2 protein chains.
Amino acid sequence: MKIVEYRVTPIAFGDPPVRAAMGLHAPYALRTIIELVADDGTTGISETHGGAAVVEDLNKVTDLVIGRDPFRLAELEHQICGDQQNSSANTPFWEGRLHSSPRTFGAIEVACLDMIGKATNRSVGDLLGGHVRERVDFSAYLFYKHHGAGGPYGFADDPNAVDGWPLARQQQALNAEELVAQALAMTKAFGFASLKLKAGVLEPEEEIRTIRLLRDAYGPATPLRIDPNTAWSLETSMACAKPLEGLLEYYEDPVAGKAEMAMLAKQTSLPLATNMCCVSFADLPATIQLGSVQIILGDHHFWGGLRASVQLARICQTWKIGLSMHSNSHLGISLAAMTHLAAAVPNLTYACDTHYPWQAEEIIVGGKLNFEHGSLAVPNEPGLGVTLDHSELARMHQQYVDCGLTVRDDQFEMQKIEPGWQARFPRW
Amino acid sequence: MKIVEYRVTPIAFGDPPVRAAMGLHAPYALRTIIELVADDGTTGISETHGGAAVVEDLNKVTDLVIGRDPFRLAELEHQICGDQQNSSANTPFWEGRLHSSPRTFGAIEVACLDMIGKATNRSVGDLLGGHVRERVDFSAYLFYKHHGAGGPYGFADDPNAVDGWPLARQQQALNAEELVAQALAMTKAFGFASLKLKAGVLEPEEEIRTIRLLRDAYGPATPLRIDPNTAWSLETSMACAKPLEGLLEYYEDPVAGKAEMAMLAKQTSLPLATNMCCVSFADLPATIQLGSVQIILGDHHFWGGLRASVQLARICQTWKIGLSMHSNSHLGISLAAMTHLAAAVPNLTYACDTHYPWQAEEIIVGGKLNFEHGSLAVPNEPGLGVTLDHSELARMHQQYVDCGLTVRDDQFEMQKIEPGWQARFPRW
């Protein structure tokens, strides 16, 4: 079995004007779709981060992919990533600054596993060791946001959004009350039983008030998380920890860097979580030595694929670190891969993050996957269990070309509505 | 696909009277053969440690195995091993005292991977990520020993051993010169390019003299290792390190325990290796924190199977610890599994240990696997690439019954030739 075709297609899809510490989401989110075809006609697909640099990285390794037996992945990883697992000396604020090698390999690995699954008539989850749960829980990902639906509508209403979540998701949420309304609409639509607030946007006092109102609205049993994306100083993180103690399931990346997270950990009873100070295997020794966090949010897109993520899970189990899952704006191919991974990892016990409800478009046949009671059924079909809709791929690729975006730049988007706005870390 | 048959068969095969710090090998080594049959007739086999307790552990989980889809291994591991990866509070001297759960799971996992490989027409190595090398290097495992061939011959000559290694392997080696003669015969027969001396048997001075003579006989380029199996005190280990510096590839388990190994590590430039103070995932945090070793000898038989061993390899890569492979007396099924594993792990860069040349019997169809230039070709056939010889299985099981051994007890065997002999740690 040999890979004879390898296609890398950049796409764009509508993304509402949600806020984070780095600024504002553009009207379109960028992703990249990888397609493989083997000499026997078996196909494999995957989805990863978007933009021109990602595509360039993926195209650079074409010669390593074409002609390869899709089972021979350890060699490909070694060729792409090398002996050292890519030190991340510059602790990134977000994925665009992550080291590219594990992302490049991971995108190809997922497509190969999809292909292997189809060739062997087994699900990707089974290739990872088999499902330990039949459904995977996700959390409600709540954003402060401006009015608007994203995509061609930008800050305007989607005329098709007549009721329910499609209507609610275009509403503004720029204070605690509006955020709670967003939460209630989202949990009503999808049934999520855990909530995560993307913070680092408003004054810390307002964000803490939001958490308090969410606690009031949902009662004591619903896990709540806050993620200021390192917009807070150590001093602010410590000051905010006090009113948040007893309210949070975990406190995610309030302050930047392993050392300051470790200092914070010594001062609060809140479990600390990260997808920013520990984003690669090279980050793990110092993270563990310092005691920076109690929970790591994995993400197969940048940790180097699904098997690497299972290996991360073993590391978390070994060092008694909790494991959760990070998300970016994504479509159903990524969601399927995330679901298989979460299903195959016994110690992934936290509900996973997902941006999925924020997107109206979908690139898989049959349209968007359905959450029930906040969870997804794990596909049992061969491979990822989802099929690429080629007409949607073509449409979204054209959208990529037409929108003119080639890199995610939330600061630039924010400056369109607030000239001179700067992403500052820490801001508070 | 469901497992419908699960057979656990204890076997015994001839083992020469080799010495180690624990005493003397019995005339028979004990192993256990696991056989699986799926509802579609696909089979899977594996080989693990021997004796009554191992068989009992394997039989206890019958209900978890029968009816299982062989791909659903993460769940089985979780059921057998639990959340915690079995702390090994009692640092073991050898495998008989290792925690049994990962061994039990690992034995079944290898048989399932053999079955999956046969069902998917792929090698076990491919299921682990694919081979990164086509041949796997092994080292010459040198033992001080008494005269004799083992098996029914005990301390007598095997009449079939007329020349070459079969004749040489029954010779006595109880001083440096005799050990070098053993080494030369073994490397001539198998082409091994690295040598490991099982030590902790004679006075340390004689063992160091053995290393010096091996260095003289093989020249400066041949890697040499010494393994006193914790028979040396910290003081002796430090004193012996000095004459060994510059002579060894690594210094394996001279002293017992993570803490004393770490103290030794601070005093010597020799890389320290272990398969005794770190034998489970639960051992890793303290081993790494203390800096006890530079090299871990993995062993899929007690680390919890082949995938767990790949995960150990990731941990070693992440913390920049070298990875080698440990061995016990074993047959070709284990050797095939070890070879697939070593072939699929890029950072397993040391030649693997193997006792294989010491055994004359074989349980796989076609007889013993052949080393060329000290290495084995990685099988590309489906599964492990070896087939169980059922007549040999029956014969070796009868041998198990007849020999009356149900546990490995090297001290007891040693007392037969030296009444009152005690295994003492440290002895020197």
# chains A, B, ... in the order shown; residues from 1 in each chain; ligands from 1
>>> interface_residues(of="chain B", to="chain A", cutoff="8 Å", atoms="only C-alpha atoms", output="ChimeraX atom specification")
/B:71-75,78,83-85,120,126-127,129-132,281-282,284-285,289,311,314-315,317-319,344-347
>>> select_by_dssp(residues="range 180-262 of chain A", states="alpha helix (DSSP H)", output="PyMOL selection string")
chain A and resi 180-190+204-218+234-244+258-262
>>> calpha_fit_and_write(fixed="chain B", moving="chain A", output="short mmCIF file (atom, residue, chain, number, x, y, z; two decimals) with C-alpha atoms, in the first residue's frame")
data_model
loop_
_atom_site.label_atom_id
_atom_site.label_comp_id
_atom_site.auth_asym_id
_atom_site.auth_seq_id
_atom_site.Cartn_x
_atom_site.Cartn_y
_atom_site.Cartn_z
CA MET A 1 -14.19 -9.65 15.57
CA LYS A 2 -14.31 -11.35 18.93
CA ILE A 3 -11.92 -13.51 20.89
CA VAL A 4 -13.54 -16.89 21.45
CA GLU A 5 -10.59 -18.93 22.73
CA TYR A 6 -7.88 -18.02 25.23
CA ARG A 7 -5.27 -20.60 26.19
CA VAL A 8 -2.52 -20.10 28.72
CA THR A 9 0.12 -22.81 28.68
CA PRO A 10 3.11 -22.99 31.01
CA ILE A 11 6.24 -24.41 29.43
CA ALA A 12 9.80 -25.26 30.40
CA PHE A 13 12.90 -25.47 28.22
CA GLY A 14 16.52 -26.26 28.88
CA ASP A 15 18.66 -23.48 30.32
CA PRO A 16 22.37 -23.81 31.05
CA PRO A 17 23.74 -23.31 34.58
CA VAL A 18 24.56 -19.62 34.22
CA ARG A 19 25.19 -17.43 37.23
CA ALA A 20 23.92 -14.08 38.36
CA ALA A 21 23.81 -12.21 41.64
CA MET A 22 20.65 -14.04 42.64
CA GLY A 23 22.33 -17.41 42.19
CA LEU A 24 22.16 -20.03 39.47
CA HIS A 25 19.74 -20.71 36.64
CA ALA A 26 17.81 -23.98 37.05
CA PRO A 27 18.20 -26.64 34.34
CA TYR A 28 14.89 -25.44 32.93
CA ALA A 29 13.67 -21.92 32.31
CA LEU A 30 9.94 -21.31 32.66
CA ARG A 31 7.80 -19.33 30.25
CA THR A 32 4.12 -19.04 29.43
CA ILE A 33 2.53 -19.17 25.99
CA ILE A 34 -0.71 -17.29 25.32
CA GLU A 35 -2.92 -18.34 22.41
CA LEU A 36 -5.98 -16.47 21.18
CA VAL A 37 -8.52 -17.50 18.56
CA ALA A 38 -11.11 -15.10 17.15
CA ASP A 39 -14.59 -15.95 15.92
CA ASP A 40 -13.36 -15.68 12.34
CA GLY A 41 -10.55 -18.14 13.03
CA THR A 42 -7.76 -15.57 13.26
CA THR A 43 -5.16 -16.52 15.84
CA GLY A 44 -2.74 -14.59 18.00
CA ILE A 45 0.15 -15.73 20.19
CA SER A 46 2.54 -14.34 22.73
CA GLU A 47 5.15 -15.42 25.24
CA THR A 48 5.78 -14.07 28.72
CA HIS A 49 7.40 -14.90 32.06
CA GLY A 50 6.87 -18.36 33.46
CA GLY A 51 5.71 -20.20 36.51
CA ALA A 52 2.52 -20.87 38.39
CA ALA A 53 1.85 -17.32 39.59
CA VAL A 54 2.08 -15.93 36.08
CA VAL A 55 -0.35 -18.54 34.81
CA GLU A 56 -2.71 -17.83 37.68
CA ASP A 57 -2.67 -14.09 36.92
CA LEU A 58 -3.40 -14.75 33.27
CA ASN A 59 -6.22 -17.16 34.03
CA LYS A 60 -7.84 -14.69 36.42
CA VAL A 61 -8.64 -12.31 33.56
CA THR A 62 -10.24 -14.92 31.29
CA ASP A 63 -13.62 -13.22 31.50
CA LEU A 64 -12.08 -9.95 30.35
CA VAL A 65 -10.51 -11.63 27.33
CA ILE A 66 -13.22 -13.94 26.04
CA GLY A 67 -15.72 -12.05 23.91
CA ARG A 68 -13.42 -9.03 23.53
CA ASP A 69 -12.74 -7.30 20.26
CA PRO A 70 -8.91 -7.58 20.07
CA PHE A 71 -8.68 -3.90 19.04
CA ARG A 72 -10.22 -2.78 22.33
CA LEU A 73 -7.00 -2.81 24.31
CA ALA A 74 -7.07 0.53 26.13
CA GLU A 75 -10.16 -0.64 28.00
CA LEU A 76 -8.58 -4.00 28.83
CA GLU A 77 -5.45 -2.29 30.13
CA HIS A 78 -7.56 0.01 32.24
CA GLN A 79 -9.51 -2.93 33.61
CA ILE A 80 -6.41 -4.96 34.45
CA CYS A 81 -4.02 -2.22 35.53
CA GLY A 82 -6.36 0.47 36.80
CA ASP A 83 -5.80 4.20 36.92
CA GLN A 84 -2.56 3.98 38.78
CA GLN A 85 0.23 2.27 36.95
CA ASN A 86 1.10 -0.01 39.83
CA SER A 87 3.58 1.59 42.11
CA SER A 88 6.59 -0.63 42.63
CA ALA A 89 7.31 0.34 46.19
CA ASN A 90 9.48 -2.74 46.60
CA THR A 91 12.19 -2.14 44.10
CA PRO A 92 12.59 -5.60 42.65
CA PHE A 93 15.77 -7.50 42.13
CA TRP A 94 14.28 -9.29 39.19
CA GLU A 95 11.14 -9.85 37.27
CA GLY A 96 9.52 -12.31 39.66
CA ARG A 97 8.93 -9.44 42.04
CA LEU A 98 7.58 -6.99 39.52
CA HIS A 99 3.98 -5.96 39.79
CA SER A 100 1.97 -8.47 37.86
CA SER A 101 -0.75 -6.32 36.25
CA PRO A 102 1.25 -4.77 33.40
CA ARG A 103 2.79 -8.18 32.72
CA THR A 104 -0.63 -9.79 32.51
CA PHE A 105 -2.00 -7.09 30.25
CA GLY A 106 1.15 -6.97 28.13
CA ALA A 107 1.06 -10.69 27.39
CA ILE A 108 -2.51 -10.44 26.15
CA GLU A 109 -1.81 -7.22 24.25
CA VAL A 110 1.00 -8.83 22.25
CA ALA A 111 -1.26 -11.76 21.32
CA CYS A 112 -3.99 -9.30 20.30
CA LEU A 113 -1.54 -7.32 18.17
CA ASP A 114 -0.42 -10.57 16.53
CA MET A 115 -4.08 -11.31 15.83
CA ILE A 116 -4.76 -7.78 14.53
CA GLY A 117 -1.72 -8.03 12.31
CA LYS A 118 -2.94 -11.30 10.84
CA ALA A 119 -6.44 -9.90 10.38
CA THR A 120 -5.14 -6.78 8.63
CA ASN A 121 -2.25 -8.44 6.82
CA ARG A 122 0.28 -6.16 8.49
CA SER A 123 3.24 -6.79 10.76
CA VAL A 124 3.11 -5.95 14.46
CA GLY A 125 5.84 -3.39 13.79
CA ASP A 126 3.55 -1.64 11.35
CA LEU A 127 0.79 -1.56 13.97
CA LEU A 128 3.24 0.25 16.27
CA GLY A 129 4.03 2.95 13.72
CA GLY A 130 6.11 1.04 11.24
CA HIS A 131 9.70 -0.04 11.05
CA VAL A 132 12.36 2.63 11.04
CA ARG A 133 15.08 0.03 10.55
CA GLU A 134 15.12 -3.23 8.63
CA ARG A 135 17.45 -5.04 11.04
CA VAL A 136 17.67 -4.91 14.83
CA ASP A 137 21.01 -5.22 16.59
CA PHE A 138 21.38 -7.45 19.63
CA SER A 139 24.27 -7.75 22.05
CA ALA A 140 26.20 -10.78 23.23
CA TYR A 141 24.93 -11.64 26.71
CA LEU A 142 27.89 -13.14 28.57
CA PHE A 143 27.52 -15.14 31.76
CA TYR A 144 29.84 -16.66 34.28
CA LYS A 145 28.68 -20.24 34.36
CA HIS A 146 29.26 -23.75 35.45
CA HIS A 147 29.89 -26.59 33.05
CA GLY A 148 26.74 -27.96 31.49
CA ALA A 149 24.11 -27.66 28.80
CA GLY A 150 20.95 -27.39 30.91
CA GLY A 151 17.68 -29.16 30.18
CA PRO A 152 17.79 -32.89 30.71
CA TYR A 153 21.60 -32.72 30.69
CA GLY A 154 21.87 -30.34 33.61
CA PHE A 155 25.56 -30.05 34.42
CA ALA A 156 26.46 -32.67 31.78
CA ASP A 157 27.28 -32.32 28.09
CA ASP A 158 24.61 -32.30 25.42
CA PRO A 159 25.72 -35.25 23.21
CA ASN A 160 24.36 -33.42 20.16
CA ALA A 161 26.63 -30.45 20.77
CA VAL A 162 29.59 -31.52 18.69
CA ASP A 163 31.09 -28.18 17.71
CA GLY A 164 30.63 -24.44 17.41
CA TRP A 165 28.51 -22.44 19.84
CA PRO A 166 26.40 -25.46 20.97
CA LEU A 167 29.61 -27.00 22.27
CA ALA A 168 31.04 -23.75 23.57
CA ARG A 169 27.90 -22.77 25.44
CA GLN A 170 28.21 -25.77 27.73
CA GLN A 171 31.74 -24.85 28.80
CA GLN A 172 32.52 -23.50 32.21
CA ALA A 173 33.30 -19.78 32.51
CA LEU A 174 34.27 -19.00 36.06
CA ASN A 175 37.12 -16.57 35.53
CA ALA A 176 38.06 -13.78 33.16
CA GLU A 177 39.89 -15.96 30.65
CA GLU A 178 37.09 -18.51 30.38
CA LEU A 179 34.56 -15.70 29.99
CA VAL A 180 36.55 -14.20 27.13
CA ALA A 181 36.62 -17.61 25.45
CA GLN A 182 32.83 -17.75 25.79
CA ALA A 183 32.55 -14.28 24.29
CA LEU A 184 34.72 -15.14 21.31
CA ALA A 185 32.71 -18.29 20.61
CA MET A 186 29.42 -16.40 20.86
CA THR A 187 30.45 -13.48 18.68
CA LYS A 188 31.96 -15.86 16.13
CA ALA A 189 28.68 -17.74 15.94
CA PHE A 190 26.27 -14.78 15.93
CA GLY A 191 28.32 -11.74 14.96
CA PHE A 192 27.25 -9.59 17.90
CA ALA A 193 29.04 -6.26 17.89
CA SER A 194 28.25 -5.26 21.51
CA LEU A 195 28.90 -7.29 24.64
CA LYS A 196 27.19 -7.36 28.01
CA LEU A 197 28.68 -9.10 31.03
CA LYS A 198 26.29 -10.37 33.67
CA ALA A 199 28.26 -9.55 36.80
CA GLY A 200 27.77 -9.51 40.55
CA VAL A 201 28.97 -13.12 40.57
CA LEU A 202 32.73 -13.14 41.16
CA GLU A 203 34.83 -10.74 43.17
CA PRO A 204 34.50 -7.25 41.62
CA GLU A 205 38.25 -7.26 40.85
CA GLU A 206 37.85 -10.40 38.69
CA GLU A 207 34.84 -8.94 36.93
CA ILE A 208 36.73 -5.73 36.17
CA ARG A 209 39.62 -7.87 34.93
CA THR A 210 37.12 -9.63 32.67
CA ILE A 211 36.05 -6.30 31.19
CA ARG A 212 39.69 -5.38 30.64
CA LEU A 213 40.38 -8.69 28.88
CA LEU A 214 37.27 -8.26 26.74
CA ARG A 215 38.47 -4.78 25.80
CA ASP A 216 41.84 -6.22 24.89
CA ALA A 217 40.26 -9.01 22.86
CA TYR A 218 37.77 -6.83 20.97
CA GLY A 219 39.63 -3.55 20.66
CA PRO A 220 38.45 -0.05 21.49
CA ALA A 221 35.36 0.14 19.24
CA THR A 222 33.23 -2.67 20.67
CA PRO A 223 30.66 -1.42 23.20
CA LEU A 224 30.95 -3.24 26.54
CA ARG A 225 28.43 -3.25 29.37
CA ILE A 226 28.55 -4.68 32.87
CA ASP A 227 25.51 -5.56 34.96
CA PRO A 228 26.20 -6.46 38.61
CA ASN A 229 22.45 -6.68 39.33
CA THR A 230 22.76 -4.50 42.45
CA ALA A 231 25.24 -6.87 44.09
CA TRP A 232 27.57 -3.95 44.79
CA SER A 233 27.30 -1.38 47.53
CA LEU A 234 27.41 2.30 46.67
CA GLU A 235 30.99 2.39 47.94
CA THR A 236 31.99 -0.59 45.78
CA SER A 237 30.09 0.81 42.79
CA MET A 238 32.00 4.08 43.13
CA ALA A 239 35.34 2.31 43.58
CA CYS A 240 34.69 0.07 40.56
CA ALA A 241 33.54 3.00 38.42
CA LYS A 242 37.04 4.43 38.30
CA PRO A 243 38.80 1.50 36.57
CA LEU A 244 35.75 1.04 34.33
CA GLU A 245 35.62 4.63 33.07
CA GLY A 246 36.53 4.75 29.42
CA LEU A 247 35.87 1.00 29.09
CA LEU A 248 32.08 0.84 29.19
CA GLU A 249 29.18 1.86 26.99
CA TYR A 250 27.08 1.84 30.16
CA TYR A 251 27.18 0.72 33.78
CA GLU A 252 24.01 -1.19 34.54
CA ASP A 253 22.47 -1.48 38.02
CA PRO A 254 25.67 -1.78 40.07
CA VAL A 255 23.83 -0.53 43.16
CA ALA A 256 20.21 -0.88 44.25
CA GLY A 257 17.65 1.86 44.24
CA LYS A 258 17.02 5.19 42.59
CA ALA A 259 18.63 7.23 45.33
CA GLU A 260 21.96 5.39 45.39
CA MET A 261 22.07 5.20 41.61
CA ALA A 262 21.61 8.98 41.59
CA MET A 263 24.46 9.40 44.07
CA LEU A 264 26.66 7.22 41.92
CA ALA A 265 25.67 9.19 38.82
CA LYS A 266 27.08 12.33 40.41
CA GLN A 267 30.43 10.62 41.01
CA THR A 268 31.15 8.97 37.67
CA SER A 269 31.30 9.88 34.03
CA LEU A 270 29.98 6.42 33.13
CA PRO A 271 26.40 6.47 31.83
CA LEU A 272 24.23 4.53 34.28
CA ALA A 273 21.57 2.15 33.04
CA THR A 274 18.79 0.26 34.77
CA ASN A 275 16.18 -2.40 34.46
CA MET A 276 15.89 -2.70 38.23
CA CYS A 277 15.34 0.69 39.87
CA CYS A 278 12.90 1.80 37.16
CA VAL A 279 10.63 -0.99 35.95
CA SER A 280 7.25 0.69 35.65
CA PHE A 281 5.70 4.01 34.72
CA ALA A 282 5.20 4.65 38.43
CA ASP A 283 8.98 4.55 38.85
CA LEU A 284 9.64 7.23 36.25
CA PRO A 285 8.88 10.45 38.13
CA ALA A 286 11.35 9.74 40.94
CA THR A 287 13.93 8.25 38.57
CA ILE A 288 13.87 11.39 36.47
CA GLN A 289 13.69 13.79 39.39
CA LEU A 290 16.69 12.18 41.08
CA GLY A 291 18.67 11.74 37.88
CA SER A 292 19.22 8.08 38.71
CA VAL A 293 20.13 6.88 35.23
CA GLN A 294 21.03 7.96 31.73
CA ILE A 295 19.62 4.83 30.09
CA ILE A 296 16.51 2.74 30.76
CA LEU A 297 16.33 -0.84 29.58
CA GLY A 298 12.73 -1.34 28.58
CA ASP A 299 11.04 -4.72 28.39
CA HIS A 300 7.58 -5.07 26.94
CA HIS A 301 6.97 -8.13 29.12
CA PHE A 302 6.84 -6.07 32.28
CA TRP A 303 6.25 -2.49 31.09
CA GLY A 304 2.76 -3.46 29.93
CA GLY A 305 3.12 -4.51 26.33
CA LEU A 306 4.34 -3.11 23.06
CA ARG A 307 2.35 0.12 22.88
CA ALA A 308 3.29 0.94 26.46
CA SER A 309 6.92 0.38 25.44
CA VAL A 310 6.54 2.84 22.57
CA GLN A 311 5.13 5.27 25.13
CA LEU A 312 8.15 4.64 27.35
CA ALA A 313 10.30 5.46 24.32
CA ARG A 314 8.52 8.81 23.94
CA ILE A 315 9.18 9.53 27.60
CA CYS A 316 12.86 8.68 27.15
CA GLN A 317 13.04 10.93 24.11
CA THR A 318 11.30 13.75 25.98
CA TRP A 319 13.59 13.61 29.00
CA LYS A 320 16.68 12.81 26.91
CA ILE A 321 17.19 9.41 28.49
CA GLY A 322 18.71 6.64 26.42
CA LEU A 323 16.68 3.53 25.68
CA SER A 324 17.94 -0.02 25.54
CA MET A 325 16.15 -3.37 25.94
CA HIS A 326 16.24 -5.94 28.73
CA SER A 327 15.85 -9.69 28.30
CA ASN A 328 15.10 -12.86 30.23
CA SER A 329 15.54 -16.43 29.07
CA HIS A 330 13.07 -16.60 26.20
CA LEU A 331 12.08 -18.25 22.95
CA GLY A 332 11.31 -17.00 19.47
CA ILE A 333 7.87 -15.54 20.08
CA SER A 334 9.29 -13.05 22.54
CA LEU A 335 12.25 -12.45 20.26
CA ALA A 336 9.95 -11.61 17.37
CA ALA A 337 7.96 -9.18 19.54
CA MET A 338 11.19 -7.56 20.81
CA THR A 339 12.40 -7.21 17.23
CA HIS A 340 9.21 -5.55 15.99
CA LEU A 341 9.28 -3.16 18.92
CA ALA A 342 12.92 -2.25 18.47
CA ALA A 343 12.35 -1.76 14.76
CA ALA A 344 9.53 0.70 15.37
CA VAL A 345 11.27 2.90 17.94
CA PRO A 346 13.68 5.46 16.44
CA ASN A 347 15.40 6.24 19.75
CA LEU A 348 16.09 2.64 20.68
CA THR A 349 19.66 3.06 19.57
CA TYR A 350 21.41 0.53 21.79
CA ALA A 351 21.79 -3.09 20.77
CA CYS A 352 19.15 -5.10 22.63
CA ASP A 353 19.85 -7.71 25.26
CA THR A 354 18.83 -11.27 24.51
CA HIS A 355 19.35 -14.62 26.22
CA TYR A 356 18.32 -16.35 23.00
CA PRO A 357 21.66 -17.98 22.08
CA TRP A 358 21.65 -19.79 25.42
CA GLN A 359 18.58 -21.85 24.53
CA ALA A 360 18.78 -24.85 22.21
CA GLU A 361 15.04 -25.46 22.02
CA GLU A 362 12.49 -23.50 20.05
CA ILE A 363 8.71 -23.32 19.99
CA ILE A 364 8.18 -21.66 16.62
CA VAL A 365 7.84 -23.43 13.29
CA GLY A 366 11.14 -23.56 11.45
CA GLY A 367 13.30 -23.59 14.54
CA LYS A 368 15.46 -20.83 15.92
CA LEU A 369 15.68 -17.41 14.29
CA ASN A 370 19.05 -16.60 12.79
CA PHE A 371 21.26 -13.70 13.77
CA GLU A 372 23.47 -12.34 11.04
CA HIS A 373 26.22 -9.91 12.02
CA GLY A 374 24.57 -9.76 15.42
CA SER A 375 21.26 -8.57 14.07
CA LEU A 376 17.88 -9.98 13.12
CA ALA A 377 15.91 -9.09 10.03
CA VAL A 378 12.59 -7.56 11.02
CA PRO A 379 9.77 -9.86 9.93
CA ASN A 380 7.43 -8.36 7.36
CA GLU A 381 4.88 -11.14 7.57
CA PRO A 382 1.50 -10.43 9.18
CA GLY A 383 1.46 -10.18 12.96
CA LEU A 384 4.59 -11.24 14.79
CA GLY A 385 5.67 -13.21 11.73
CA VAL A 386 6.24 -16.43 13.66
CA THR A 387 4.06 -19.51 13.98
CA LEU A 388 3.57 -21.62 17.06
CA ASP A 389 4.73 -25.22 16.73
CA HIS A 390 1.99 -27.06 18.61
CA SER A 391 3.93 -30.28 18.97
CA GLU A 392 6.78 -28.35 20.57
CA LEU A 393 4.28 -26.52 22.77
CA ALA A 394 2.93 -29.86 23.97
CA ARG A 395 6.42 -31.22 24.52
CA MET A 396 7.57 -28.17 26.45
CA HIS A 397 4.39 -28.14 28.51
CA GLN A 398 5.04 -31.77 29.43
CA GLN A 399 8.59 -30.75 30.27
CA TYR A 400 7.12 -28.07 32.57
CA VAL A 401 4.99 -30.68 34.30
CA ASP A 402 7.83 -33.17 34.52
CA CYS A 403 10.55 -30.82 35.75
CA GLY A 404 8.43 -29.88 38.74
CA LEU A 405 9.53 -26.24 38.76
CA THR A 406 6.78 -23.68 39.29
CA VAL A 407 8.82 -20.64 40.22
CA ARG A 408 12.24 -19.31 39.38
CA ASP A 409 14.48 -19.59 42.42
CA ASP A 410 18.11 -19.02 41.57
CA GLN A 411 19.15 -19.04 45.22
CA PHE A 412 17.68 -22.49 45.73
CA GLU A 413 19.47 -23.77 42.61
CA MET A 414 22.74 -22.30 43.84
CA GLN A 415 22.34 -23.99 47.19
CA LYS A 416 22.29 -27.35 45.42
CA ILE A 417 25.94 -26.88 44.51
CA GLU A 418 26.94 -24.64 47.41
CA PRO A 419 24.87 -25.49 50.49
CA GLY A 420 23.99 -22.48 52.59
CA TRP A 421 24.68 -20.03 49.74
CA GLN A 422 22.67 -16.83 50.18
CA ALA A 423 21.86 -14.13 47.68
CA ARG A 424 22.94 -10.95 49.45
CA PHE A 425 22.41 -7.40 48.27
CA PRO A 426 24.86 -5.88 48.34
CA ARG A 427 27.31 -8.74 48.45
CA TRP A 428 30.35 -6.54 47.96
#
>>> select_by_dssp(residues="range 62-229 of chain B", states="strand (DSSP E or B)", output="list in words")
Ser123, Arg135, Val136, Asp137, Phe138, Ala140, Tyr141, Leu142, Phe143, Lys145, Ala173, Leu195, Lys196, Leu197, Lys198, Leu224, Arg225, Ile226 and Asp227 of chain B
